[in-house]
Amino acid sequence: MKRAISEIDVVKLLTPIDANVIGQDRIETISLGSLGTVVMVHDNAYEVEFALEIGSAFALATVK
């Protein structure tokens, strides 16, 4: 039986996804296989934060 995904879980993308870069007015494509941290759980989706580069910007994506 699979465990439900919760806040602060680490997830791995199975497909690339577009994400909003936090604090900037741009979108970044997050690559397949990237690891992100779940920061909020919704009924049918998750808000996941991804580090773009060490010491650089972060991006936030809604993942269903």
# chains A, B, ... in the order shown; residues from 1 in each chain; ligands from 1

call {"tool": "residues_around", "arguments": {"residues": "Asp43 (chain A)", "least_positions_apart": "5", "cutoff": "12 Å", "atoms": "only C-alpha atoms", "output": "list of chain:residue names"}}
result
A:Ala4, A:Ile5, A:Ser6, A:Thr62, A:Val63, A:Lys64

call {"tool": "write_last_selection", "arguments": {"atoms": "all heavy atoms", "output": "PDB file, in the first residue's frame"}}
result
ATOM      1  N   ALA A   4       0.438   8.185   1.544  1.00  0.00           N
ATOM      2  CA  ALA A   4       0.021   9.468   0.977  1.00  0.00           C
ATOM      3  C   ALA A   4       1.189  10.455   1.004  1.00  0.00           C
ATOM      4  O   ALA A   4       2.008  10.437   1.920  1.00  0.00           O
ATOM      5  CB  ALA A   4      -1.154  10.024   1.761  1.00  0.00           C
ATOM      6  N   ILE A   5       1.251  11.317   0.005  1.00  0.00           N
ATOM      7  CA  ILE A   5       2.279  12.353  -0.046  1.00  0.00           C
ATOM      8  C   ILE A   5       1.896  13.448   0.946  1.00  0.00           C
ATOM      9  O   ILE A   5       0.751  13.884   1.003  1.00  0.00           O
ATOM     10  CB  ILE A   5       2.409  12.918  -1.471  1.00  0.00           C
ATOM     11  CG1 ILE A   5       2.915  11.827  -2.408  1.00  0.00           C
ATOM     12  CG2 ILE A   5       3.336  14.126  -1.487  1.00  0.00           C
ATOM     13  CD1 ILE A   5       2.949  12.226  -3.865  1.00  0.00           C
ATOM     14  N   SER A   6       2.865  13.884   1.736  1.00  0.00           N
ATOM     15  CA  SER A   6       2.646  14.890   2.771  1.00  0.00           C
ATOM     16  C   SER A   6       3.602  16.065   2.595  1.00  0.00           C
ATOM     17  O   SER A   6       4.583  15.974   1.850  1.00  0.00           O
ATOM     18  CB  SER A   6       2.893  14.287   4.157  1.00  0.00           C
ATOM     19  OG  SER A   6       2.061  13.186   4.388  1.00  0.00           O
ATOM     20  N   THR A  62       2.850  23.754  -9.364  1.00  0.00           N
ATOM     21  CA  THR A  62       1.696  22.965  -8.942  1.00  0.00           C
ATOM     22  C   THR A  62       1.751  21.651  -9.701  1.00  0.00           C
ATOM     23  O   THR A  62       1.783  21.641 -10.929  1.00  0.00           O
ATOM     24  CB  THR A  62       0.388  23.707  -9.254  1.00  0.00           C
ATOM     25  OG1 THR A  62       0.409  24.963  -8.575  1.00  0.00           O
ATOM     26  CG2 THR A  62      -0.814  22.891  -8.803  1.00  0.00           C
ATOM     27  N   VAL A  63       1.784  20.536  -8.988  1.00  0.00           N
ATOM     28  CA  VAL A  63       1.917  19.205  -9.584  1.00  0.00           C
ATOM     29  C   VAL A  63       0.675  18.409  -9.272  1.00  0.00           C
ATOM     30  O   VAL A  63       0.239  18.352  -8.124  1.00  0.00           O
ATOM     31  CB  VAL A  63       3.162  18.482  -9.034  1.00  0.00           C
ATOM     32  CG1 VAL A  63       3.309  17.103  -9.655  1.00  0.00           C
ATOM     33  CG2 VAL A  63       4.415  19.321  -9.257  1.00  0.00           C
ATOM     34  N   LYS A  64       0.080  17.820 -10.303  1.00  0.00           N
ATOM     35  CA  LYS A  64      -1.128  17.001 -10.102  1.00  0.00           C
ATOM     36  C   LYS A  64      -0.782  15.540 -10.199  1.00  0.00           C
ATOM     37  O   LYS A  64       0.133  15.132 -10.828  1.00  0.00           O
ATOM     38  CB  LYS A  64      -2.181  17.345 -11.131  1.00  0.00           C
ATOM     39  CG  LYS A  64      -2.702  18.763 -10.938  1.00  0.00           C
ATOM     40  CD  LYS A  64      -3.780  19.068 -11.916  1.00  0.00           C
ATOM     41  CE  LYS A  64      -4.282  20.475 -11.657  1.00  0.00           C
ATOM     42  NZ  LYS A  64      -5.404  20.816 -12.447  1.00  0.00           N
TER      43      LYS A  64
END

call {"tool": "residues_around", "arguments": {"residues": "Ile30 (chain A)", "least_positions_apart": "5", "cutoff": "7 Å", "atoms": "only C-alpha atoms", "output": "VMD selection string"}}
result
chain A and resid 16 to 19

call {"tool": "write_last_selection", "arguments": {"atoms": "all heavy atoms", "output": "mmCIF file, in the first residue's frame"}}
result
data_model
loop_
_atom_site.group_PDB
_atom_site.id
_atom_site.type_symbol
_atom_site.label_atom_id
_atom_site.label_comp_id
_atom_site.auth_asym_id
_atom_site.auth_seq_id
_atom_site.Cartn_x
_atom_site.Cartn_y
_atom_site.Cartn_z
ATOM 1 N N PRO A 16 8.913 16.517 -17.310
ATOM 2 C CA PRO A 16 9.292 17.919 -17.100
ATOM 3 C C PRO A 16 8.039 18.754 -16.801
ATOM 4 O O PRO A 16 6.931 18.408 -17.224
ATOM 5 C CB PRO A 16 9.906 18.332 -18.431
ATOM 6 C CG PRO A 16 10.229 17.067 -19.137
ATOM 7 C CD PRO A 16 9.254 16.050 -18.642
ATOM 8 N N ILE A 17 8.210 19.851 -16.086
ATOM 9 C CA ILE A 17 7.084 20.714 -15.727
ATOM 10 C C ILE A 17 7.559 22.158 -15.672
ATOM 11 O O ILE A 17 8.712 22.427 -15.342
ATOM 12 C CB ILE A 17 6.477 20.267 -14.371
ATOM 13 C CG1 ILE A 17 5.156 20.955 -14.120
ATOM 14 C CG2 ILE A 17 7.438 20.479 -13.231
ATOM 15 C CD1 ILE A 17 4.378 20.370 -12.967
ATOM 16 N N ASP A 18 6.677 23.098 -16.041
ATOM 17 C CA ASP A 18 6.991 24.520 -15.936
ATOM 18 C C ASP A 18 6.701 24.991 -14.518
ATOM 19 O O ASP A 18 5.701 24.590 -13.914
ATOM 20 C CB ASP A 18 6.161 25.339 -16.925
ATOM 21 C CG ASP A 18 6.612 25.136 -18.361
ATOM 22 O OD1 ASP A 18 7.771 24.721 -18.572
ATOM 23 O OD2 ASP A 18 5.824 25.399 -19.276
ATOM 24 N N ALA A 19 7.576 25.851 -13.993
ATOM 25 C CA ALA A 19 7.430 26.353 -12.630
ATOM 26 C C ALA A 19 7.726 27.844 -12.592
ATOM 27 O O ALA A 19 8.545 28.341 -13.368
ATOM 28 C CB ALA A 19 8.377 25.615 -11.692
#

call {"tool": "atom_distance", "arguments": {"atom1": "CA of Glu28 (chain A)", "atom2": "CA of Leu52 (chain A)"}}
result
8.6 Å

call {"tool": "atom_distance", "arguments": {"atom1": "CA of Val10 (chain A)", "atom2": "CA of Arg26 (chain A)"}}
result
23.8 Å

call {"tool": "select_by_dssp", "arguments": {"residues": "chain A", "states": "strand (DSSP E or B)", "output": "ChimeraX atom specification"}}
result
/A:10-12,17-21,27-30,35-41,46-51,58-63

call {"tool": "atom_distance", "arguments": {"atom1": "CA of Asp9 (chain A)", "atom2": "CA of Ala61 (chain A)"}}
result
14.7 Å

call {"tool": "closest_residue", "arguments": {"among": "A:Leu13, A:Ala51, A:Leu60, A:Met1", "to": "Leu32 (chain A)", "atoms": "only C-alpha atoms"}}
result
A:Leu13

call {"tool": "closest_residue", "arguments": {"among": "A:Asn44, A:Ser31, A:Thr37, A:Asn20", "to": "Ala57 (chain A)", "atoms": "only C-alpha atoms"}}
result
A:Asn20

call {"tool": "residues_around", "arguments": {"residues": "Ile22 (chain A)", "least_positions_apart": "2", "cutoff": "6 Å", "atoms": "only C-alpha atoms", "output": "ChimeraX atom specification"}}
result
/A:24,58-59

call {"tool": "write_last_selection", "arguments": {"atoms": "C-alpha atoms", "output": "tab-separated table (two decimals), in the first residue's frame"}}
result
chain	number	residue	atom	x	y	z
A	24	GLN	CA	11.10	36.79	-10.27
A	58	PHE	CA	13.92	28.51	-6.22
A	59	ALA	CA	10.89	27.69	-8.34

call {"tool": "decode", "arguments": {"residues": "region 18-42 of chain A", "atoms": "N, CA, C and O atoms", "output": "PDB file, in the first residue's frame"}}
result
ATOM      1  N   ASP A  18       6.677  23.098 -16.041  1.00  0.00           N
ATOM      2  CA  ASP A  18       6.991  24.520 -15.936  1.00  0.00           C
ATOM      3  C   ASP A  18       6.701  24.991 -14.518  1.00  0.00           C
ATOM      4  O   ASP A  18       5.701  24.590 -13.914  1.00  0.00           O
ATOM      5  N   ALA A  19       7.576  25.851 -13.993  1.00  0.00           N
ATOM      6  CA  ALA A  19       7.430  26.353 -12.630  1.00  0.00           C
ATOM      7  C   ALA A  19       7.726  27.844 -12.592  1.00  0.00           C
ATOM      8  O   ALA A  19       8.545  28.341 -13.368  1.00  0.00           O
ATOM      9  N   ASN A  20       7.063  28.549 -11.700  1.00  0.00           N
ATOM     10  CA  ASN A  20       7.311  29.976 -11.489  1.00  0.00           C
ATOM     11  C   ASN A  20       8.529  30.140 -10.590  1.00  0.00           C
ATOM     12  O   ASN A  20       8.596  29.520  -9.529  1.00  0.00           O
ATOM     13  N   VAL A  21       9.464  30.989 -11.020  1.00  0.00           N
ATOM     14  CA  VAL A  21      10.640  31.266 -10.204  1.00  0.00           C
ATOM     15  C   VAL A  21      10.223  32.243  -9.107  1.00  0.00           C
ATOM     16  O   VAL A  21       9.650  33.300  -9.381  1.00  0.00           O
ATOM     17  N   ILE A  22      10.475  31.870  -7.859  1.00  0.00           N
ATOM     18  CA  ILE A  22      10.042  32.667  -6.714  1.00  0.00           C
ATOM     19  C   ILE A  22      10.783  33.992  -6.692  1.00  0.00           C
ATOM     20  O   ILE A  22      12.004  34.042  -6.802  1.00  0.00           O
ATOM     21  N   GLY A  23      10.029  35.095  -6.589  1.00  0.00           N
ATOM     22  CA  GLY A  23      10.605  36.432  -6.515  1.00  0.00           C
ATOM     23  C   GLY A  23      11.019  37.017  -7.850  1.00  0.00           C
ATOM     24  O   GLY A  23      11.578  38.099  -7.902  1.00  0.00           O
ATOM     25  N   GLN A  24      10.751  36.305  -8.931  1.00  0.00           N
ATOM     26  CA  GLN A  24      11.098  36.791 -10.268  1.00  0.00           C
ATOM     27  C   GLN A  24       9.892  36.598 -11.183  1.00  0.00           C
ATOM     28  O   GLN A  24       9.040  35.765 -10.931  1.00  0.00           O
ATOM     29  N   ASP A  25       9.846  37.369 -12.240  1.00  0.00           N
ATOM     30  CA  ASP A  25       8.736  37.285 -13.178  1.00  0.00           C
ATOM     31  C   ASP A  25       9.145  36.419 -14.369  1.00  0.00           C
ATOM     32  O   ASP A  25       9.253  36.899 -15.495  1.00  0.00           O
ATOM     33  N   ARG A  26       9.419  35.143 -14.095  1.00  0.00           N
ATOM     34  CA  ARG A  26       9.789  34.229 -15.185  1.00  0.00           C
ATOM     35  C   ARG A  26       9.406  32.794 -14.828  1.00  0.00           C
ATOM     36  O   ARG A  26       9.189  32.459 -13.670  1.00  0.00           O
ATOM     37  N   ILE A  27       9.345  31.996 -15.865  1.00  0.00           N
ATOM     38  CA  ILE A  27       9.014  30.574 -15.717  1.00  0.00           C
ATOM     39  C   ILE A  27      10.220  29.765 -16.155  1.00  0.00           C
ATOM     40  O   ILE A  27      10.903  30.109 -17.120  1.00  0.00           O
ATOM     41  N   GLU A  28      10.494  28.689 -15.424  1.00  0.00           N
ATOM     42  CA  GLU A  28      11.623  27.803 -15.706  1.00  0.00           C
ATOM     43  C   GLU A  28      11.067  26.392 -15.902  1.00  0.00           C
ATOM     44  O   GLU A  28      10.166  25.974 -15.175  1.00  0.00           O
ATOM     45  N   THR A  29      11.575  25.678 -16.886  1.00  0.00           N
ATOM     46  CA  THR A  29      11.184  24.280 -17.060  1.00  0.00           C
ATOM     47  C   THR A  29      12.063  23.420 -16.161  1.00  0.00           C
ATOM     48  O   THR A  29      13.285  23.470 -16.240  1.00  0.00           O
ATOM     49  N   ILE A  30      11.404  22.660 -15.287  1.00  0.00           N
ATOM     50  CA  ILE A  30      12.111  21.771 -14.367  1.00  0.00           C
ATOM     51  C   ILE A  30      12.239  20.412 -15.058  1.00  0.00           C
ATOM     52  O   ILE A  30      11.258  19.859 -15.549  1.00  0.00           O
ATOM     53  N   SER A  31      13.431  19.888 -15.101  1.00  0.00           N
ATOM     54  CA  SER A  31      13.740  18.679 -15.871  1.00  0.00           C
ATOM     55  C   SER A  31      13.187  17.401 -15.246  1.00  0.00           C
ATOM     56  O   SER A  31      13.034  17.301 -14.021  1.00  0.00           O
ATOM     57  N   LEU A  32      12.947  16.434 -16.101  1.00  0.00           N
ATOM     58  CA  LEU A  32      12.602  15.078 -15.690  1.00  0.00           C
ATOM     59  C   LEU A  32      13.620  14.578 -14.683  1.00  0.00           C
ATOM     60  O   LEU A  32      14.826  14.796 -14.845  1.00  0.00           O
ATOM     61  N   GLY A  33      13.166  13.959 -13.610  1.00  0.00           N
ATOM     62  CA  GLY A  33      14.061  13.406 -12.605  1.00  0.00           C
ATOM     63  C   GLY A  33      14.489  14.380 -11.520  1.00  0.00           C
ATOM     64  O   GLY A  33      15.164  13.988 -10.572  1.00  0.00           O
ATOM     65  N   SER A  34      14.093  15.649 -11.657  1.00  0.00           N
ATOM     66  CA  SER A  34      14.447  16.637 -10.631  1.00  0.00           C
ATOM     67  C   SER A  34      13.752  16.319  -9.316  1.00  0.00           C
ATOM     68  O   SER A  34      12.622  15.826  -9.296  1.00  0.00           O
ATOM     69  N   LEU A  35      14.434  16.623  -8.221  1.00  0.00           N
ATOM     70  CA  LEU A  35      13.868  16.417  -6.889  1.00  0.00           C
ATOM     71  C   LEU A  35      13.337  17.733  -6.356  1.00  0.00           C
ATOM     72  O   LEU A  35      13.963  18.779  -6.530  1.00  0.00           O
ATOM     73  N   GLY A  36      12.169  17.670  -5.706  1.00  0.00           N
ATOM     74  CA  GLY A  36      11.568  18.859  -5.120  1.00  0.00           C
ATOM     75  C   GLY A  36      10.956  18.512  -3.776  1.00  0.00           C
ATOM     76  O   GLY A  36      10.758  17.343  -3.445  1.00  0.00           O
ATOM     77  N   THR A  37      10.646  19.554  -3.006  1.00  0.00           N
ATOM     78  CA  THR A  37      10.049  19.383  -1.686  1.00  0.00           C
ATOM     79  C   THR A  37       8.595  19.839  -1.725  1.00  0.00           C
ATOM     80  O   THR A  37       8.308  20.953  -2.171  1.00  0.00           O
ATOM     81  N   VAL A  38       7.702  18.991  -1.247  1.00  0.00           N
ATOM     82  CA  VAL A  38       6.280  19.340  -1.179  1.00  0.00           C
ATOM     83  C   VAL A  38       6.123  20.376  -0.071  1.00  0.00           C
ATOM     84  O   VAL A  38       6.523  20.144   1.071  1.00  0.00           O
ATOM     85  N   VAL A  39       5.565  21.556  -0.421  1.00  0.00           N
ATOM     86  CA  VAL A  39       5.388  22.613   0.570  1.00  0.00           C
ATOM     87  C   VAL A  39       3.922  22.833   0.927  1.00  0.00           C
ATOM     88  O   VAL A  39       3.621  23.461   1.937  1.00  0.00           O
ATOM     89  N   MET A  40       2.996  22.310   0.105  1.00  0.00           N
ATOM     90  CA  MET A  40       1.579  22.433   0.411  1.00  0.00           C
ATOM     91  C   MET A  40       0.823  21.318  -0.299  1.00  0.00           C
ATOM     92  O   MET A  40       1.121  20.983  -1.441  1.00  0.00           O
ATOM     93  N   VAL A  41      -0.149  20.739   0.397  1.00  0.00           N
ATOM     94  CA  VAL A  41      -0.976  19.677  -0.160  1.00  0.00           C
ATOM     95  C   VAL A  41      -2.382  20.224  -0.371  1.00  0.00           C
ATOM     96  O   VAL A  41      -2.970  20.809   0.548  1.00  0.00           O
ATOM     97  N   HIS A  42      -2.909  20.071  -1.594  1.00  0.00           N
ATOM     98  CA  HIS A  42      -4.285  20.462  -1.928  1.00  0.00           C
ATOM     99  C   HIS A  42      -5.095  19.187  -2.153  1.00  0.00           C
ATOM    100  O   HIS A  42      -4.542  18.082  -2.140  1.00  0.00           O
TER     101      HIS A  42
END
